[in-house]
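Just start_0.cif here, mmCIF, C-alpha atoms:
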```cif
data_work
loop_
_atom_site.label_atom_id
_atom_site.label_comp_id
_atom_site.auth_asym_id
_atom_site.auth_seq_id
_atom_site.Cartn_x
_atom_site.Cartn_y
_atom_site.Cartn_z
CA MET A 195 -0.80 36.63 -12.98
CA PRO A 196 -1.39 34.72 -9.70
CA LEU A 197 1.61 33.90 -7.55
CA LYS A 198 3.08 30.41 -7.81
CA THR A 199 3.51 28.31 -4.70
CA LEU A 200 6.67 27.01 -3.13
CA PRO A 201 6.16 23.26 -2.52
CA ASP A 202 5.86 22.17 1.10
CA ILE A 203 6.97 18.59 0.46
CA VAL A 204 9.74 17.25 -1.77
CA PRO A 205 8.89 13.78 -3.20
CA ALA A 206 11.46 11.03 -2.75
CA PRO A 207 12.47 10.84 -6.46
CA ALA A 208 13.00 14.61 -6.60
CA LYS A 209 14.98 14.48 -3.34
CA MET A 210 17.19 11.78 -4.86
CA LEU A 211 17.93 14.02 -7.83
CA LEU A 212 18.55 17.09 -5.64
CA ASP A 213 20.96 15.11 -3.47
CA PHE A 214 22.82 14.09 -6.61
CA ILE A 215 23.01 17.68 -7.85
CA ARG A 216 24.22 18.86 -4.45
CA SER A 217 26.94 16.20 -4.41
CA ILE A 218 28.31 17.75 -7.61
CA GLU A 219 27.63 21.45 -7.04
CA ALA A 220 28.52 21.63 -3.34
CA PRO A 221 30.08 18.44 -1.91
CA ARG A 222 30.58 20.20 1.43
CA GLY A 223 26.87 20.58 1.97
CA TYR A 224 24.08 23.08 2.47
CA GLY A 225 26.33 25.71 4.07
CA THR A 226 28.58 26.13 1.05
CA ILE A 227 29.17 29.41 -0.78
CA TYR A 228 31.03 29.81 -4.05
CA GLY A 229 34.69 28.78 -3.92
CA ASN A 230 34.17 27.04 -0.56
CA ASN A 231 34.57 30.37 1.20
CA GLN A 232 31.89 29.60 3.80
CA ASP A 233 34.46 29.60 6.61
CA LYS A 234 34.89 33.34 6.03
CA LEU A 235 31.26 34.09 6.90
CA PRO A 236 30.48 35.65 10.31
CA VAL A 237 27.61 33.17 10.80
CA PRO A 238 26.81 29.83 9.09
CA LEU A 239 24.89 30.18 5.83
CA THR A 240 22.15 27.86 7.13
CA SER A 241 21.53 30.26 10.05
CA MET A 242 20.92 33.25 7.80
CA THR A 243 17.51 34.27 6.51
CA LEU A 244 16.62 34.25 2.84
CA ASP A 245 16.72 38.06 2.73
CA GLN A 246 20.15 38.08 4.37
CA VAL A 247 21.49 35.63 1.81
CA ILE A 248 20.10 37.72 -1.05
CA ALA A 249 21.52 40.91 0.44
CA ALA A 250 24.96 39.36 0.95
CA GLY A 251 25.06 37.91 -2.56
CA SER A 252 26.27 41.04 -4.29
CA GLY A 253 29.17 41.33 -1.86
CA TRP A 254 30.11 37.67 -2.38
CA SER A 255 30.15 38.24 -6.13
CA LYS A 256 32.68 41.05 -5.74
CA LYS A 257 34.74 39.26 -3.11
CA PHE A 258 34.64 35.63 -4.25
CA GLY A 259 33.61 35.87 -7.90
CA SER A 260 30.00 34.60 -7.62
CA SER A 261 26.91 34.85 -5.43
CA ALA A 262 26.26 31.09 -5.63
CA ALA A 263 25.18 29.82 -2.21
CA GLY A 264 23.86 26.69 -0.57
CA GLY A 265 23.93 23.01 -1.45
CA LEU A 266 22.51 23.74 -4.90
CA GLN A 267 24.54 26.91 -5.45
CA PHE A 268 21.61 29.28 -5.85
CA MET A 269 22.47 32.50 -7.63
CA ARG A 270 21.33 35.77 -6.03
CA LEU A 271 19.08 36.61 -9.00
CA THR A 272 17.54 33.11 -8.85
CA LEU A 273 16.60 33.53 -5.18
CA GLN A 274 15.13 36.95 -5.89
CA GLN A 275 13.06 35.54 -8.73
CA ILE A 276 11.72 32.63 -6.64
CA LYS A 277 10.79 34.99 -3.84
CA LYS A 278 8.96 37.26 -6.26
CA GLU A 279 7.10 34.40 -7.96
CA THR A 280 6.04 32.55 -4.84
CA GLY A 281 5.63 35.39 -2.36
CA ILE A 282 7.52 33.50 0.35
CA SER A 283 8.76 35.41 3.36
CA GLY A 284 12.33 36.68 3.33
CA ASP A 285 12.44 35.90 7.06
CA LEU A 286 12.57 32.15 6.40
CA VAL A 287 15.84 30.60 7.51
CA PHE A 288 18.03 29.37 4.65
CA SER A 289 18.00 25.87 6.15
CA ALA A 290 18.52 22.53 4.45
CA GLY A 291 14.76 22.03 4.29
CA LEU A 292 14.11 25.39 2.66
CA GLN A 293 16.93 24.81 0.17
CA ASP A 294 15.40 21.48 -0.87
CA ARG A 295 12.02 23.15 -1.40
CA LEU A 296 13.66 25.90 -3.46
CA GLY A 297 15.52 23.27 -5.47
CA TYR A 298 12.34 21.29 -6.13
CA TYR A 299 10.69 24.50 -7.33
CA LEU A 300 13.52 24.90 -9.84
CA LEU A 301 13.16 21.26 -10.97
CA LEU A 302 9.46 21.78 -11.59
CA GLY A 303 10.27 24.85 -13.63
CA ARG A 304 12.66 22.76 -15.73
CA GLY A 305 10.07 20.12 -16.59
CA TYR A 306 10.53 17.59 -13.78
CA ALA A 307 6.82 16.66 -13.67
CA ASP A 308 6.72 15.98 -17.41
CA PHE A 309 9.93 13.97 -17.15
CA ILE A 310 8.46 11.74 -14.44
CA GLU A 311 5.27 11.27 -16.46
CA GLY A 312 7.24 10.27 -19.57
CA LYS A 313 6.27 13.40 -21.50
CA LEU A 314 9.85 14.76 -21.54
CA GLY A 315 12.78 12.60 -22.57
CA VAL A 316 16.11 12.13 -20.80
CA VAL A 317 18.04 14.22 -23.33
CA ALA A 318 15.64 17.16 -23.15
CA PHE A 319 15.44 17.07 -19.36
CA GLY A 320 19.22 16.70 -19.18
CA LYS A 321 19.59 19.90 -21.21
CA ALA A 322 17.16 21.67 -18.86
CA LEU A 323 19.28 20.61 -15.87
CA ALA A 324 22.42 21.83 -17.63
CA GLN A 325 20.76 25.20 -18.15
CA GLU A 326 20.02 25.45 -14.42
CA TRP A 327 23.29 24.00 -13.10
CA ALA A 328 26.29 24.86 -15.23
CA SER A 329 28.41 21.98 -13.92
CA PHE A 330 26.05 19.49 -15.62
CA PRO A 331 26.71 18.46 -19.23
CA VAL A 332 24.26 18.45 -22.09
CA LEU A 333 23.41 14.90 -23.18
CA ALA A 334 23.43 15.53 -26.93
CA ASP A 335 24.86 18.05 -29.37
CA THR A 336 22.81 21.24 -29.16
CA ARG A 337 22.91 24.98 -29.22
CA GLY A 338 24.38 26.41 -26.00
CA GLN A 339 24.13 29.90 -24.56
CA LYS A 340 27.20 31.19 -26.42
CA ARG A 341 27.71 28.70 -29.24
CA PRO A 342 26.92 25.17 -30.43
CA VAL A 343 28.03 22.60 -27.84
CA LYS A 344 28.68 18.88 -28.04
CA ARG A 345 27.46 16.07 -25.81
CA GLY A 346 29.35 16.30 -22.53
CA ASP A 347 29.95 20.07 -22.71
CA THR A 348 28.49 22.62 -20.35
CA TYR A 349 25.56 24.53 -21.79
CA TYR A 350 27.52 27.71 -21.01
CA ALA A 351 30.67 26.68 -22.87
CA GLY A 352 32.55 29.72 -24.13
CA ASP A 353 31.71 32.05 -21.22
CA GLY A 354 35.17 31.56 -19.71
CA ILE A 355 33.72 30.77 -16.27
CA ASN A 356 31.76 27.53 -16.13
CA LYS A 357 32.97 24.00 -16.70
CA VAL A 358 31.50 20.51 -16.58
CA LEU A 359 32.18 18.44 -13.46
CA LEU A 360 30.82 15.02 -14.49
CA LYS A 361 30.32 12.73 -17.46
CA PRO A 362 26.99 12.58 -19.30
CA GLU A 363 26.76 8.82 -18.63
CA LYS A 364 26.63 9.50 -14.92
CA VAL A 365 23.75 11.94 -15.37
CA GLU A 366 21.86 9.47 -17.55
CA ALA A 367 22.30 6.68 -15.00
CA LYS A 368 21.02 8.87 -12.19
CA LEU A 369 18.03 10.04 -14.19
CA GLN A 370 17.17 6.40 -14.86
CA ASP A 371 17.34 5.73 -11.11
CA VAL A 372 15.00 8.64 -10.51
CA LEU A 373 12.52 7.29 -13.05
CA GLU A 374 12.60 3.83 -11.48
CA LEU A 375 12.02 5.23 -8.00
CA ALA A 376 9.18 7.40 -9.26
CA GLY A 377 7.62 4.34 -10.90
CA ALA A 378 7.92 2.33 -7.70
CA VAL A 379 6.38 5.13 -5.65
CA LYS A 380 3.50 5.49 -8.11
CA ALA A 381 2.87 1.74 -8.13
CA ARG A 382 2.81 1.66 -4.33
CA GLN A 383 0.39 4.58 -4.22
CA GLN A 384 -1.89 2.92 -6.78
CA LYS A 385 -1.81 -0.35 -4.83
CA THR A 386 -2.66 1.45 -1.61
CA LYS A 387 -5.48 3.31 -3.34
CA ALA A 388 -6.82 0.10 -4.90
CA THR A 389 -6.68 -1.70 -1.55
CA SER A 390 -8.54 1.13 0.16
CA ALA A 391 -11.16 1.14 -2.58
CA ALA A 392 -11.58 -2.63 -2.30
CA LEU A 393 -12.07 -2.39 1.45
CA VAL A 394 -14.69 0.32 1.03
CA ALA A 395 -16.49 -1.73 -1.62
CA ALA A 396 -16.40 -4.83 0.57
CA VAL A 397 -17.95 -2.94 3.46
CA ASN A 398 -20.62 -1.46 1.19
CA ASP A 399 -21.45 -4.88 -0.32
CA ASN A 400 -21.42 -6.69 3.00
CA PRO A 401 -22.64 -4.34 5.70
CA PRO A 402 -22.41 -5.66 9.24
CA PRO A 403 -25.56 -7.57 10.26
CA ILE A 404 -28.09 -5.72 12.33
CA ALA A 405 -28.55 -7.41 15.69
CA PRO A 406 -32.16 -8.54 16.25
CA ALA A 407 -34.10 -6.69 18.87
CA PRO A 408 -34.32 -8.58 22.17
CA ALA A 409 -37.51 -10.59 22.49
CA LYS A 410 -40.09 -9.04 24.73
CA PRO A 411 -41.29 -11.29 27.54
CA LYS A 412 -44.85 -12.48 27.13
CA PRO A 413 -47.42 -10.85 29.36
CA ILE A 414 -48.21 -12.97 32.34
CA ARG A 415 -51.74 -13.54 31.21
CA LYS A 416 -50.46 -14.96 27.87
CA SER A 417 -47.76 -17.13 29.31
CA GLY A 418 -48.31 -20.81 28.58
CA ARG A 419 -46.28 -21.71 31.59
CA PHE A 420 -48.53 -19.60 33.79
CA TRP A 421 -51.60 -21.52 32.71
CA THR A 422 -49.74 -24.79 33.03
CA TRP A 423 -48.97 -24.09 36.65
CA ALA A 424 -52.41 -22.70 37.29
CA GLY A 425 -53.91 -25.78 35.70
CA THR A 426 -51.66 -27.97 37.80
CA GLY A 427 -53.05 -26.39 40.92
CA GLY A 428 -56.62 -26.84 39.66
CA ILE A 429 -56.08 -30.49 38.72
CA SER A 430 -54.55 -31.23 42.11
CA LEU A 431 -57.51 -29.70 43.89
CA THR A 432 -60.02 -31.60 41.70
CA THR A 433 -58.16 -34.84 42.30
CA ILE A 434 -58.32 -34.36 46.04
CA VAL A 435 -62.01 -33.54 45.95
CA GLU A 436 -62.88 -36.53 43.83
CA LYS A 437 -60.47 -39.18 45.12
CA LEU A 438 -60.34 -38.39 48.77
CA GLY A 439 -63.98 -37.44 49.36
CA PHE A 440 -62.92 -33.96 50.34
CA PHE A 441 -66.26 -32.83 51.65
CA GLN A 442 -66.55 -35.91 53.82
CA LEU A 443 -63.28 -35.11 55.65
CA ASP A 444 -63.00 -33.28 58.92
CA TYR A 445 -63.02 -29.49 58.34
CA ARG A 446 -59.54 -29.16 59.86
CA VAL A 447 -58.18 -31.70 57.41
CA GLN A 448 -59.95 -29.84 54.60
CA ILE A 449 -58.29 -26.57 55.63
CA ALA A 450 -54.84 -28.20 55.82
CA LEU A 451 -55.19 -29.75 52.37
CA LEU A 452 -56.33 -26.45 50.86
CA VAL A 453 -53.37 -24.62 52.39
CA VAL A 454 -50.93 -27.17 50.93
CA VAL A 455 -52.41 -27.06 47.41
CA VAL A 456 -52.76 -23.28 47.29
CA GLY A 457 -49.26 -22.78 48.69
CA PHE A 458 -47.77 -25.14 46.10
CA ALA A 459 -49.53 -23.30 43.25
CA VAL A 460 -48.49 -19.87 44.53
CA TYR A 461 -44.84 -20.96 44.90
CA ALA A 462 -44.70 -22.47 41.41
CA ILE A 463 -46.20 -19.41 39.74
CA ALA A 464 -44.15 -16.91 41.74
CA THR A 465 -40.84 -18.56 40.70
CA MET A 466 -41.50 -17.92 36.99
CA THR A 467 -39.23 -15.18 35.50
CA PRO A 468 -42.10 -13.20 33.92
CA ILE A 469 -43.88 -13.13 37.27
CA ARG A 470 -40.77 -11.92 39.08
CA ASN A 471 -40.09 -9.25 36.44
CA ALA A 472 -43.66 -8.05 36.60
CA LEU A 473 -43.43 -7.77 40.37
CA GLY A 474 -40.07 -5.95 40.14
CA LEU A 475 -38.24 -8.75 41.97
CA LYS A 476 -34.54 -9.46 41.24
CA SER A 477 -33.48 -12.96 40.34
CA LYS A 478 -31.03 -14.48 42.77
#
```

Take the structure in the file and write it out as structure tokens.
Amino acid sequence: MPLKTLPDIVPAPAKMLLDFIRSIEAPRGYGTIYGNNQDKLPVPLTSMTLDQVIAAGSGWSKKFGSSAAGGLQFMRLTLQQIKKETGISGDLVFSAGLQDRLGYYLLLGRGYADFIEGKLGVVAFGKALAQEWASFPVLADTRGQKRPVKRGDTYYAGDGINKVLLKPEKVEAKLQDVLELAGAVKARQQKTKATSAALVAAVNDNPPPIAPAPAKPKPIRKSGRFWTWAGTGGISLTTIVEKLGFFQLDYRVQIALLVVVVGFAVYAIATMTPIRNALGLKSK
């Protein structure tokens, strides 16, 4: 049979229930040992390792009457069983955090998951808690360990040791609180999951637009503006030839006019962006 696993995280509803159990079993906290004899220990209980607590348990039973230790009053045999089932290291410190994880493991073993899911009723789960923690009452008449017991009795009635420390109504009220918190946590998780799914769907249905590739500049020879300027130069030269009787002018005047027209055309064409890019010139 594969080893079970000790939970790493204790959910909020389970922590609420464990805090309630601890307030009844050990009001003085995680460092308590049976009979509130923790002040007689050489070191605080929460500084000891799990193996040290287990080893000391038999001595506490002889000296104080029970091996119950910690905020949830773990019995020595219970700790040994959890260690065997989960394979956890005995070198772990018996801290508050470890005790909560151990307590949650016990809750799971008593049907906590089914209780939260509505598969196990309050009365049945209440009996399971009473079987684990003797100070808790059964919530309906039932068969106890030694004899039939009535609502409000300890499951271990008749053993001459254990007794109930709270009313069944208080247990029922707390279990209802646990259910409500579990429901709220589940609803929040479902809402978060639904929101995440909606966001993913929205992104899939409306992917971001793909930016168009930048337009490539037209080759100089295909540029309309190039031919416009070139044509402008040609028209100006034709106009001069026809209107001014170019060939009838003095050759020096002819040369001057040609320089002006050609210079104007060259300047206009050279200032075009495609021309400058083609020539590797930077725009000012």

*Find the distance between atom CA of A:Ile404 and atom CA of A:Ala392 and write it in Å to one decimal.*
22.3 Å

*Gap from atom CA of A:Lys257 to atom CA of A:Ala324 - Å, one decimal*: 25.8 Å

*Apply the PyMOL selection byres ((chain A and resi 230-236) around 10) to the structure shown and report the selected residues as a ChimeraX atom specification.*
/A:220-222,225-229,237-239,254,257-258,263-264

Can I get the selection written as a PDB file, in the frame of the given file, with C-alpha atoms?
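Result file is out18.pdb:
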```pdb
ATOM      1  CA  ALA A 220      28.520  21.630  -3.340  1.00  0.00           C
ATOM      2  CA  PRO A 221      30.080  18.440  -1.910  1.00  0.00           C
ATOM      3  CA  ARG A 222      30.580  20.200   1.430  1.00  0.00           C
ATOM      4  CA  GLY A 225      26.330  25.710   4.070  1.00  0.00           C
ATOM      5  CA  THR A 226      28.580  26.130   1.050  1.00  0.00           C
ATOM      6  CA  ILE A 227      29.170  29.410  -0.780  1.00  0.00           C
ATOM      7  CA  TYR A 228      31.030  29.810  -4.050  1.00  0.00           C
ATOM      8  CA  GLY A 229      34.690  28.780  -3.920  1.00  0.00           C
ATOM      9  CA  VAL A 237      27.610  33.170  10.800  1.00  0.00           C
ATOM     10  CA  PRO A 238      26.810  29.830   9.090  1.00  0.00           C
ATOM     11  CA  LEU A 239      24.890  30.180   5.830  1.00  0.00           C
ATOM     12  CA  TRP A 254      30.110  37.670  -2.380  1.00  0.00           C
ATOM     13  CA  LYS A 257      34.740  39.260  -3.110  1.00  0.00           C
ATOM     14  CA  PHE A 258      34.640  35.630  -4.250  1.00  0.00           C
ATOM     15  CA  ALA A 263      25.180  29.820  -2.210  1.00  0.00           C
ATOM     16  CA  GLY A 264      23.860  26.690  -0.570  1.00  0.00           C
TER      17      GLY A 264
END
```

*Residues in the PyMOL selection byres ((chain A and resi 342-358) around 7), expressed as an NGL selection string*: :A and (324-325 or 328-341 or 359-362)

*Could you check how far atom CA of A:Lys198 sits from atom CA of A:Ile248, in Å to one decimal?*
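Calculated distance between atom CA of A:Lys198 and atom CA of A:Ile248 is 19.7 Å.
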
*Of the candidates A:Asp444, A:Asp213, A:Asp285, A:Glu219, which shows the shortest atom-to-atom distance to A:Trp327, using all atoms listed in the file?*
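Ranking A:Asp444, A:Asp213, A:Asp285, A:Glu219 by distance to A:Trp327, first place goes to A:Glu219.
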
*Quick one: of A:Met269, A:Leu301, A:Val394, A:Ile276, who's nearest to A:Leu212, counting only C-alpha atoms?*
A:Leu301

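Using all atoms listed in the file, the nearest neighbour of A:Gly377 within the list A:Glu311, A:Asp294, A:Asp399, A:Asp202 is A:Glu311.
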
*asked:* From the options A:Phe214, A:Leu373, A:Tyr224, A:Lys209, which residue's atoms come nearest to A:Leu314, counting all atoms listed in the file?
replied: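 Answer, going by the shortest atom-to-atom distance: A:Leu373.
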